[in-house]
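**Student:** Structure in structure tokens, see below.
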Amino acid sequence: LGVPQVTLLSEVSVTDGKVNGRRDGDTATEHLEAALPAAISVTDQSGEARYPSFKGIMAAKKKPVESLDLDDLD
């Protein structure tokens with residue numbers, strides 16, 4: 001993609017056009033920083049899971065799904 005990458009982060013924050021994160025290893029913790037735009041990935045330790053509400057599930061069922069083929073994308 002030609003952009004910086006930071007992977008396996010357990011904490012992420014974005015400030016002043018940079019992404020900051022913490023990567024926890026077996027023996028050490030690394031604090032990483034990259035300029036935006038950047039590709040990042042997080043671990044399952046990065047935060048609390050957000051579960052959809054019943055109202056949100058029902059609203060999602062009513063949303064139209066738009067399908068595109070290759071010709072539509074030019």
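Please note that chains go A, B, ... in the order of the structure tokens, that every chain numbers its residues from 1, and that ligands are numbered from 1 in the order shown.
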Considering only C-alpha atoms, return as a list of chain:residue names whatever protein or nucleic-acid residues lie within 7 Å of Ser41 of chain A, sequence-local ones (same chain, fewer than 5 positions apart) excluded.
**Tutor:** A:Val6, A:Thr7, A:Leu8, A:Leu9
**Student:** Might you pull out every residue within 7 Å of Gln5 of chain A, with only C-alpha atoms counted and same-chain residues fewer than 4 positions away left off, and present them as a PyMOL selection string?
**Tutor:** chain A and resi 38-40
**Student:** Considering only C-alpha atoms, return as a list in words whatever protein or nucleic-acid residues lie within 10 Å of His31 of chain A, sequence-local ones (same chain, fewer than 4 positions apart) excluded.
**Tutor:** Leu9, Glu11, Asn20, Gly21, Arg22, Arg23 and Asp24 of chain A
**Student:** For N, CA, C and O atoms, I'd like the residues from the last selection saved as a PDB file, in the first residue's frame.
**Tutor:**
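Once everything was written out, this is part_18.pdb:
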```
ATOM      1  N   LEU A   9      -1.131  -4.331  17.929  1.00  0.00           N
ATOM      2  CA  LEU A   9      -1.185  -3.345  18.998  1.00  0.00           C
ATOM      3  C   LEU A   9      -2.241  -3.728  20.027  1.00  0.00           C
ATOM      4  O   LEU A   9      -3.312  -4.198  19.687  1.00  0.00           O
ATOM      5  N   GLU A  11      -2.956  -1.279  22.484  1.00  0.00           N
ATOM      6  CA  GLU A  11      -3.543   0.040  22.738  1.00  0.00           C
ATOM      7  C   GLU A  11      -3.265   0.921  21.529  1.00  0.00           C
ATOM      8  O   GLU A  11      -2.174   0.867  20.964  1.00  0.00           O
ATOM      9  N   ASN A  20      -0.300   6.278  17.574  1.00  0.00           N
ATOM     10  CA  ASN A  20       0.584   5.778  18.628  1.00  0.00           C
ATOM     11  C   ASN A  20      -0.010   4.487  19.169  1.00  0.00           C
ATOM     12  O   ASN A  20      -1.230   4.369  19.293  1.00  0.00           O
ATOM     13  N   GLY A  21       0.851   3.542  19.506  1.00  0.00           N
ATOM     14  CA  GLY A  21       0.336   2.285  20.019  1.00  0.00           C
ATOM     15  C   GLY A  21       1.343   1.572  20.880  1.00  0.00           C
ATOM     16  O   GLY A  21       2.524   1.907  20.922  1.00  0.00           O
ATOM     17  N   ARG A  22       0.818   0.564  21.580  1.00  0.00           N
ATOM     18  CA  ARG A  22       1.655  -0.260  22.447  1.00  0.00           C
ATOM     19  C   ARG A  22       1.530  -1.703  21.996  1.00  0.00           C
ATOM     20  O   ARG A  22       0.436  -2.214  21.796  1.00  0.00           O
ATOM     21  N   ARG A  23       2.672  -2.350  21.815  1.00  0.00           N
ATOM     22  CA  ARG A  23       2.723  -3.766  21.459  1.00  0.00           C
ATOM     23  C   ARG A  23       3.357  -4.516  22.621  1.00  0.00           C
ATOM     24  O   ARG A  23       4.475  -4.220  23.024  1.00  0.00           O
ATOM     25  N   ASP A  24       2.613  -5.472  23.168  1.00  0.00           N
ATOM     26  CA  ASP A  24       3.107  -6.265  24.291  1.00  0.00           C
ATOM     27  C   ASP A  24       3.676  -7.573  23.777  1.00  0.00           C
ATOM     28  O   ASP A  24       2.972  -8.363  23.148  1.00  0.00           O
TER      29      ASP A  24
END
```
**Student:** Could you please determine the separation between atom CA of Ile57 of chain A and atom CA of Val12 of chain A in Å, to one decimal place?
**Tutor:** 27.8 Å
**Student:** Measuring between only C-alpha atoms, which one of A:Ala49, A:Thr43, A:Leu70, A:Lys61 shows the shortest distance to Gly25 of chain A?
**Tutor:**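 Going through A:Ala49, A:Thr43, A:Leu70, A:Lys61 one by one, the smallest distance to Gly25 of chain A is for A:Thr43.
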**Student:** Can you work out the spacing between atom CA of Ser53 of chain A and atom CA of Val65 of chain A in Å, to one decimal?
**Tutor:** 20.2 Å
**Student:** Near Val14 of chain A, within 10 Å and counting only C-alpha atoms, which residues show up once chain neighbours fewer than 2 positions away are dropped, as a list in words?
**Tutor:**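 Skipping anything fewer than 2 positions along the chain leaves Val12, Asp16, Gly17, Lys18, Val19, Asn20, Gly21, Glu33, Ala34, Ala35 and Leu36 of chain A.
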**Student:** Okay, now the selection with N, CA and C atoms, as a tab-separated table (two decimals), in the first residue's frame?
**Tutor:**
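Written out: selection20.tsv:
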```tsv
chain	number	residue	atom	x	y	z
A	12	VAL	N	-4.24	1.75	21.15
A	12	VAL	CA	-4.09	2.62	19.98
A	12	VAL	C	-4.65	4.00	20.32
A	16	ASP	N	-2.51	14.41	16.49
A	16	ASP	CA	-1.63	15.26	15.67
A	16	ASP	C	-1.14	14.57	14.40
A	17	GLY	N	-2.01	13.85	13.71
A	17	GLY	CA	-1.64	13.22	12.46
A	17	GLY	C	-0.74	12.01	12.59
A	18	LYS	N	-0.67	11.43	13.80
A	18	LYS	CA	0.15	10.25	14.03
A	18	LYS	C	-0.67	9.23	14.81
A	19	VAL	N	-0.36	7.97	14.57
A	19	VAL	CA	-0.97	6.90	15.35
A	19	VAL	C	0.08	6.39	16.33
A	20	ASN	N	-0.30	6.28	17.57
A	20	ASN	CA	0.58	5.78	18.63
A	20	ASN	C	-0.01	4.49	19.17
A	21	GLY	N	0.85	3.54	19.51
A	21	GLY	CA	0.34	2.28	20.02
A	21	GLY	C	1.34	1.57	20.88
A	33	GLU	N	5.05	4.42	16.87
A	33	GLU	CA	4.42	5.62	16.33
A	33	GLU	C	4.60	5.59	14.82
A	34	ALA	N	3.56	6.01	14.09
A	34	ALA	CA	3.63	6.08	12.63
A	34	ALA	C	2.80	7.27	12.16
A	35	ALA	N	3.22	7.87	11.05
A	35	ALA	CA	2.48	8.98	10.47
A	35	ALA	C	1.25	8.43	9.75
A	36	LEU	N	0.18	9.22	9.75
A	36	LEU	CA	-1.03	8.85	9.02
A	36	LEU	C	-0.92	9.29	7.57
```
